[in-house]
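Participant: So here's structure-v3.cif (mmCIF, C-alpha atoms and all ligand atoms).
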```cif
data_entry
loop_
_atom_site.label_atom_id
_atom_site.label_comp_id
_atom_site.auth_asym_id
_atom_site.auth_seq_id
_atom_site.Cartn_x
_atom_site.Cartn_y
_atom_site.Cartn_z
CA MET A 1 -7.05 13.67 -5.24
CA ARG A 2 -3.63 14.80 -4.06
CA ILE A 3 -2.01 17.64 -6.00
CA ILE A 4 1.73 18.11 -5.76
CA ARG A 5 2.99 21.44 -7.00
CA ALA A 6 6.31 21.33 -8.82
CA LYS A 7 8.50 24.24 -9.88
CA ASP A 8 9.10 23.13 -13.44
CA TYR A 9 9.34 20.07 -15.69
CA ALA A 10 12.55 18.82 -14.05
CA ASP A 11 10.87 19.04 -10.66
CA VAL A 12 7.73 17.24 -11.95
CA SER A 13 9.99 14.46 -13.27
CA ARG A 14 11.99 14.19 -10.04
CA LYS A 15 8.89 14.01 -7.86
CA ALA A 16 7.11 11.52 -10.13
CA GLY A 17 10.27 9.41 -10.45
CA ASN A 18 10.56 9.29 -6.66
CA ILE A 19 6.95 8.11 -6.32
CA ILE A 20 7.42 5.30 -8.87
CA ALA A 21 10.76 4.36 -7.31
CA SER A 22 9.08 3.96 -3.94
CA VAL A 23 6.53 1.55 -5.46
CA VAL A 24 9.29 -0.54 -7.07
CA THR A 25 11.29 -0.50 -3.83
CA LEU A 26 8.35 -1.59 -1.69
CA LYS A 27 7.20 -4.22 -4.17
CA PRO A 28 10.01 -5.41 -6.47
CA ASP A 29 7.58 -7.57 -8.50
CA CYS A 30 5.08 -4.75 -8.99
CA VAL A 31 3.03 -4.14 -12.13
CA LEU A 32 3.51 -0.66 -13.55
CA GLY A 33 1.05 0.88 -16.00
CA LEU A 34 3.08 3.16 -18.25
CA ALA A 35 2.43 6.09 -20.57
CA THR A 36 4.16 7.60 -23.57
CA GLY A 37 4.24 11.16 -24.94
CA SER A 38 6.47 14.02 -23.86
CA SER A 39 5.22 14.32 -20.26
CA PRO A 40 6.78 11.13 -18.78
CA ILE A 41 10.13 11.28 -20.61
CA GLY A 42 11.81 13.14 -17.72
CA THR A 43 10.29 10.73 -15.21
CA TYR A 44 11.79 7.81 -17.14
CA GLN A 45 15.16 9.57 -17.14
CA VAL A 46 14.99 9.85 -13.35
CA LEU A 47 14.21 6.11 -13.11
CA ILE A 48 17.11 5.27 -15.44
CA LYS A 49 19.48 7.36 -13.29
CA LYS A 50 18.30 5.58 -10.14
CA TYR A 51 18.88 2.22 -11.85
CA GLU A 52 22.38 3.28 -12.96
CA ASN A 53 23.15 4.41 -9.40
CA GLY A 54 22.17 0.98 -8.13
CA GLU A 55 19.11 2.32 -6.29
CA LEU A 56 16.48 0.45 -8.34
CA ASP A 57 16.10 -3.09 -9.65
CA PHE A 58 13.56 -3.68 -12.45
CA SER A 59 14.32 -7.40 -12.93
CA ARG A 60 10.97 -8.53 -11.50
CA VAL A 61 8.85 -5.58 -12.63
CA LYS A 62 6.07 -6.15 -15.17
CA THR A 63 4.51 -3.40 -17.26
CA VAL A 64 1.36 -2.69 -19.24
CA ASN A 65 1.26 0.36 -21.48
CA LEU A 66 -1.78 2.49 -22.07
CA ASP A 67 -1.98 2.58 -25.81
CA GLU A 68 -0.60 2.03 -29.30
CA TYR A 69 -1.30 3.57 -32.70
CA VAL A 70 -3.30 1.39 -35.11
CA GLY A 71 -1.18 0.37 -38.10
CA LEU A 72 2.29 0.99 -36.64
CA SER A 73 4.61 -1.97 -36.12
CA LYS A 74 6.58 -2.20 -32.88
CA ASP A 75 9.70 -1.18 -34.83
CA HIS A 76 8.19 1.98 -36.34
CA ASP A 77 10.04 4.90 -34.77
CA GLN A 78 6.75 6.59 -33.77
CA SER A 79 5.16 3.45 -32.32
CA TYR A 80 4.71 3.46 -28.57
CA ALA A 81 6.50 0.11 -28.36
CA TYR A 82 9.58 1.78 -29.89
CA PHE A 83 9.15 4.80 -27.59
CA MET A 84 9.15 2.59 -24.51
CA ARG A 85 12.28 0.70 -25.58
CA THR A 86 14.24 3.84 -26.40
CA ASN A 87 13.03 5.94 -23.44
CA LEU A 88 13.09 3.30 -20.69
CA PHE A 89 13.24 -0.44 -21.31
CA ASP A 90 16.58 -0.56 -23.15
CA HIS A 91 18.24 1.40 -20.32
CA VAL A 92 17.22 -0.64 -17.25
CA ASN A 93 17.37 -4.32 -16.30
CA ILE A 94 13.73 -5.04 -17.08
CA ASP A 95 12.85 -8.33 -18.80
CA GLN A 96 11.15 -7.10 -21.98
CA ALA A 97 9.15 -10.34 -22.12
CA ASN A 98 7.29 -8.84 -19.15
CA CYS A 99 6.51 -5.55 -20.95
CA ASN A 100 3.10 -5.44 -22.58
CA ILE A 101 1.71 -3.03 -25.18
CA PRO A 102 -1.30 -3.59 -27.47
CA SER A 103 -0.22 -4.62 -30.96
CA GLY A 104 -0.85 -1.93 -33.56
CA LEU A 105 -0.82 -4.55 -36.31
CA THR A 106 -3.36 -7.05 -35.01
CA ASP A 107 -5.79 -8.39 -37.61
CA ASP A 108 -8.31 -9.15 -34.84
CA PRO A 109 -8.79 -5.88 -32.91
CA GLU A 110 -11.64 -7.22 -30.81
CA ALA A 111 -9.62 -10.19 -29.57
CA GLU A 112 -6.52 -8.02 -29.05
CA CYS A 113 -8.51 -5.57 -26.88
CA GLY A 114 -10.34 -8.29 -24.93
CA ASN A 115 -7.10 -10.16 -24.31
CA TYR A 116 -5.41 -6.99 -23.06
CA ASP A 117 -8.01 -6.58 -20.32
CA LYS A 118 -7.69 -10.27 -19.44
CA LEU A 119 -3.92 -9.81 -19.24
CA ILE A 120 -4.28 -6.84 -16.85
CA ALA A 121 -6.62 -8.91 -14.68
CA SER A 122 -4.33 -11.97 -14.79
CA LEU A 123 -1.43 -9.84 -13.53
CA GLY A 124 -3.56 -8.93 -10.52
CA GLY A 125 -4.10 -5.38 -11.79
CA THR A 126 -1.57 -2.58 -11.82
CA ASP A 127 0.10 -1.27 -8.67
CA LEU A 128 0.62 2.16 -10.19
CA GLN A 129 -0.69 3.69 -13.40
CA LEU A 130 1.35 6.59 -14.77
CA LEU A 131 -0.63 9.01 -16.94
CA GLY A 132 -0.04 12.07 -19.06
CA MET A 133 -3.07 14.06 -20.16
CA GLY A 134 -4.02 15.58 -23.50
CA PRO A 135 -4.88 19.30 -23.69
CA ASN A 136 -8.48 18.11 -24.26
CA GLY A 137 -8.43 16.08 -21.03
CA HIS A 138 -7.86 12.67 -22.61
CA ILE A 139 -6.11 9.95 -20.59
CA GLY A 140 -4.62 7.07 -22.50
CA PHE A 141 -6.43 7.72 -25.77
CA ASN A 142 -9.82 7.92 -24.09
CA GLU A 143 -10.99 10.96 -26.00
CA PRO A 144 -13.84 13.29 -24.93
CA ASP A 145 -17.08 11.40 -25.57
CA GLU A 146 -20.69 11.05 -24.41
CA VAL A 147 -19.84 7.99 -22.29
CA PHE A 148 -16.84 6.49 -20.50
CA THR A 149 -15.71 3.26 -22.22
CA PRO A 150 -14.50 0.73 -19.65
CA GLY A 151 -12.53 -1.83 -21.66
CA THR A 152 -9.55 -1.63 -23.99
CA HIS A 153 -10.88 -0.44 -27.34
CA CYS A 154 -10.08 1.08 -30.69
CA VAL A 155 -10.59 4.84 -30.76
CA LYS A 156 -10.73 7.46 -33.48
CA LEU A 157 -8.28 10.16 -32.44
CA ALA A 158 -9.71 13.65 -31.94
CA ASP A 159 -8.56 16.28 -34.46
CA SER A 160 -6.95 18.19 -31.58
CA THR A 161 -4.97 15.06 -30.60
CA ILE A 162 -3.79 14.60 -34.19
CA ASP A 163 -2.74 18.29 -34.16
CA ALA A 164 -0.96 17.90 -30.80
CA ASN A 165 0.91 14.74 -31.87
CA ALA A 166 1.83 15.97 -35.37
CA ARG A 167 5.02 17.38 -33.84
CA PHE A 168 6.40 13.86 -33.56
CA PHE A 169 5.77 12.96 -37.25
CA ALA A 170 7.17 14.32 -40.54
CA THR A 171 3.74 15.70 -41.51
CA ARG A 172 0.27 15.84 -39.93
CA ASP A 173 -0.92 13.36 -42.59
CA ASP A 174 1.49 10.77 -41.17
CA VAL A 175 -0.23 10.75 -37.75
CA PRO A 176 -2.35 7.58 -37.46
CA ARG A 177 -6.08 8.33 -37.16
CA GLN A 178 -6.84 5.51 -34.73
CA ALA A 179 -5.31 3.93 -31.66
CA TYR A 180 -5.91 1.06 -29.28
CA THR A 181 -6.25 2.31 -25.75
CA MET A 182 -6.76 0.89 -22.31
CA GLY A 183 -10.25 1.97 -21.22
CA ILE A 184 -11.41 3.67 -18.07
CA TRP A 185 -11.65 0.37 -16.18
CA GLY A 186 -8.03 -0.44 -17.05
CA ILE A 187 -6.92 2.90 -15.65
CA MET A 188 -9.21 3.08 -12.63
CA GLN A 189 -8.44 -0.45 -11.38
CA ALA A 190 -4.84 0.63 -10.63
CA LYS A 191 -4.07 0.74 -6.93
CA LYS A 192 -2.40 4.13 -7.42
CA VAL A 193 -2.73 6.63 -10.25
CA LEU A 194 -0.01 9.20 -10.91
CA LEU A 195 -0.70 11.91 -13.49
CA VAL A 196 2.13 14.18 -14.63
CA ALA A 197 1.45 17.46 -16.42
CA ASN A 198 3.44 20.52 -17.33
CA GLY A 199 2.97 23.64 -19.38
CA LYS A 200 0.25 26.21 -20.02
CA ASN A 201 -1.51 24.08 -22.64
CA LYS A 202 -2.54 21.63 -19.89
CA ALA A 203 -3.91 24.28 -17.50
CA GLU A 204 -7.52 24.27 -18.73
CA ALA A 205 -7.69 20.45 -18.77
CA ILE A 206 -6.28 20.30 -15.23
CA ARG A 207 -8.84 22.86 -14.05
CA ALA A 208 -11.73 20.97 -15.67
CA ALA A 209 -10.51 17.55 -14.48
CA VAL A 210 -9.96 18.62 -10.88
CA THR A 211 -12.73 21.16 -10.23
CA GLY A 212 -15.36 20.40 -12.88
CA PRO A 213 -18.08 17.75 -12.83
CA ILE A 214 -17.20 14.13 -13.59
CA ASP A 215 -17.96 14.15 -17.29
CA PRO A 216 -16.84 11.86 -20.15
CA ARG A 217 -16.28 15.02 -22.20
CA VAL A 218 -13.32 15.58 -19.84
CA PRO A 219 -12.09 11.98 -19.47
CA ALA A 220 -9.53 12.82 -16.75
CA SER A 221 -12.38 14.03 -14.51
CA ILE A 222 -13.09 10.35 -13.70
CA LEU A 223 -9.90 10.42 -11.62
CA GLN A 224 -11.82 12.37 -8.95
CA LEU A 225 -13.37 8.99 -8.09
CA HIS A 226 -10.04 7.18 -7.70
CA PRO A 227 -9.15 6.50 -4.04
CA ASP A 228 -5.41 7.12 -4.52
CA CYS A 229 -4.77 9.58 -7.33
CA THR A 230 -1.82 11.99 -7.30
CA ILE A 231 -1.28 14.77 -9.80
CA VAL A 232 2.25 16.16 -10.06
CA ALA A 233 2.19 19.32 -12.14
CA ASP A 234 4.22 22.47 -12.66
CA GLU A 235 3.14 26.05 -11.91
CA GLU A 236 1.92 26.64 -15.47
CA ALA A 237 -0.27 23.53 -15.59
CA LEU A 238 -1.74 24.47 -12.19
CA SER A 239 -2.18 28.15 -13.07
CA LEU A 240 -5.99 27.97 -13.46
CA LEU A 241 -6.65 26.13 -10.21
C1 LIG R 1 0.32 8.38 -24.06
C2 LIG R 1 -1.04 8.77 -23.73
C3 LIG R 1 -1.55 10.14 -23.91
C4 LIG R 1 -0.57 11.24 -23.52
C5 LIG R 1 -1.18 12.61 -23.76
C6 LIG R 1 -0.24 13.72 -23.40
O1 LIG R 1 0.52 7.02 -23.76
O2 LIG R 1 -1.74 7.92 -23.33
O3 LIG R 1 -2.71 10.29 -23.11
O4 LIG R 1 -0.22 11.08 -22.18
O5 LIG R 1 -1.54 12.73 -25.11
O6 LIG R 1 0.83 13.74 -24.28
P1 LIG R 1 2.09 14.66 -24.00
O7 LIG R 1 2.71 14.15 -22.76
O8 LIG R 1 2.97 14.46 -25.21
O9 LIG R 1 1.58 16.05 -23.86
#
```
Could I get this file's structure written as structure tokens?
Ligand code: F6R
Facilitator:
Amino acid sequence: MRIIRAKDYADVSRKAGNIIASVVTLKPDCVLGLATGSSPIGTYQVLIKKYENGELDFSRVKTVNLDEYVGLSKDHDQSYAYFMRTNLFDHVNIDQANCNIPSGLTDDPEAECGNYDKLIASLGGTDLQLLGMGPNGHIGFNEPDEVFTPGTHCVKLADSTIDANARFFATRDDVPRQAYTMGIWGIMQAKKVLLVANGKNKAEAIRAAVTGPIDPRVPASILQLHPDCTIVADEEALSLL
């Protein structure tokens, strides 16, 4: 694991944006695994700026997102499909037909999840997987559990995740209780993993993921086994290391 220390959120975003930009530059038809939530928003803004400056071309890039809430349509303003359009896809020259996110409205969850893993495999895997991390150590929506689940699956969100994400919804009751998430195989098969974290509320999860045992109760700890994993985090998130 490589840990890059950043001064603050802007610095995390700049450094992470530069890493993703280098992947797109070296391989214009790369497959990017993307994340939602507050952590990557600044990184996406850096990528948008680079596109606007003529430094980056997304026309041949393909994407697979980590997760989607069960029950939200792609036009719901809290769906991750909507998040990706408003925070990145609508602002760069990516072909949105090449942007993949599990459907929150599928009536056949098992087929949807199985097909998502087949899709990742058919794309040749991801060149880079961008991750945020929950304060409880979750990656994607792989919540703390007794086992690591390899494939894309439906997960019951932890109470602490519902609490953490309530800030994006009108009330806590509006937060969906379940999500579809890429599993640990989907994340670990990426050629590169890039985790971005900032703020004090991530410090304990960073400590446990980086220095603790590999344990499904801290899902991000599996990243210790990845051959090319980079964490870019600010001083606060690294304060317990
Ligand atoms: C989002 C995702 C989640 C978030 C995590 C951190 O696609 O998979 O694992 O990365 O919940 O969220 P923020 O960045 O809002 O603290």
Participant: Write out, as a Markdown table, each residue of range 150-212 of chain A that has an atom at most 8 Å from range 27-39 of chain A, together with the closest pair of atoms and their distance in Å to one decimal, counting only C-alpha atoms, rows going by chain and rising number.
Facilitator:
```
| residue | atom | partner | partner_atom | distance |
| --- | --- | --- | --- | --- |
| A:Ala190 | CA | A:Gly33 | CA | 8.0 |
| A:Val196 | CA | A:Ser39 | CA | 6.4 |
| A:Ala197 | CA | A:Ser39 | CA | 6.2 |
| A:Asn198 | CA | A:Ser39 | CA | 7.1 |
```
Participant: Nearest residue to Asp8 in chain A out of A:Lys50, A:Lys200, A:Arg85, A:Lys192, using only C-alpha atoms?
Facilitator: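 Result for the nearest residue to Asp8 in chain A: A:Lys200.
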Participant: Could you give me, as a PyMOL selection string, every polymer residue with an atom at most 9 Å away from an atom of ligand LIG 1 (chain R), counting only C-alpha atoms and all ligand atoms?
Facilitator: chain A and resi 34-41+65-68+80+130-143+161+164-165+181-182+195-199+201-202
Participant: Hey, can you check how far CA of Lys7 in chain A sits from CA of Ala237 in chain A?
Facilitator: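 Result for CA of Lys7 in chain A versus CA of Ala237 in chain A: 10.5 Å, one decimal.
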Participant: Between CA of Pro216 in chain A and CA of Asp145 in chain A, what distance in Å does the model show, to one decimal?
Facilitator: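 Computing it gives 5.4 Å between the two atoms.
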Participant: To one decimal place in Å, what is the distance between CA of Val175 in chain A and CA of Glu112 in chain A?
Facilitator: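 Separating CA of Val175 in chain A from CA of Glu112 in chain A is a distance of 21.6 Å.
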Participant: Please identify all polymer residues within 10 Å of His91 in chain A, counting all atoms listed in the file, omitting same-chain residues fewer than 6 positions from it, and present them as a list in words.
Facilitator: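 Everything that qualifies: Tyr44, Gln45, Leu47, Ile48, Lys49, Tyr51, Glu52 and Arg85 of chain A.
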Participant: Need the axis-aligned box for range 32-50 of chain A with 8 Å each side, so what are the centre and edges in Å to one decimal, as AutoDock Vina command-line options?
Facilitator:
```
--center_x 10.3 --center_y 6.8 --center_z -17.5 --size_x 34.4 --size_y 31.0 --size_z 30.8
```
Participant: Which neighbours of Val147 in chain A fall inside 10 Å, counting all atoms listed in the file, when residues of the same chain fewer than 6 positions from it are skipped, and could you give them as a PyMOL selection string?
Facilitator: chain A and resi 215-217+219
Participant: For Val232 in chain A, which residue among A:Val70, A:Ile214, A:Lys62, A:Leu194 is the nearest when counting only C-alpha atoms?
Facilitator: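 That would be A:Leu194, the residue with the smallest distance to Val232 in chain A.
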Participant: Which residues of range 173-210 of chain A have any atom within 10 Å of an atom in range 220-230 of chain A when counting all atoms listed in the file, and what is the closest pair of atoms for each, with the distance in Å to one decimal? Order the rows by chain and rising number and write it as CSV.
Facilitator:
```
residue,atom,partner,partner_atom,distance
A:Ile184,CA,A:Ile222,CA,8.2
A:Ile187,CA,A:Leu223,CA,9.0
A:Met188,CA,A:His226,CA,6.5
A:Gln189,CA,A:His226,CA,8.6
A:Ala190,CA,A:His226,CA,8.9
A:Lys191,CA,A:Asp228,CA,7.0
A:Lys192,CA,A:Asp228,CA,5.1
A:Val193,CA,A:Cys229,CA,4.6
A:Leu194,CA,A:Thr230,CA,4.9
A:Leu195,CA,A:Thr230,CA,6.3
A:Val196,CA,A:Thr230,CA,8.6
A:Ala205,CA,A:Ala220,CA,8.1
A:Ile206,CA,A:Ala220,CA,8.3
A:Arg207,CA,A:Ser221,CA,9.5
A:Ala208,CA,A:Ser221,CA,7.1
A:Ala209,CA,A:Ser221,CA,4.0
A:Val210,CA,A:Ser221,CA,6.3
```
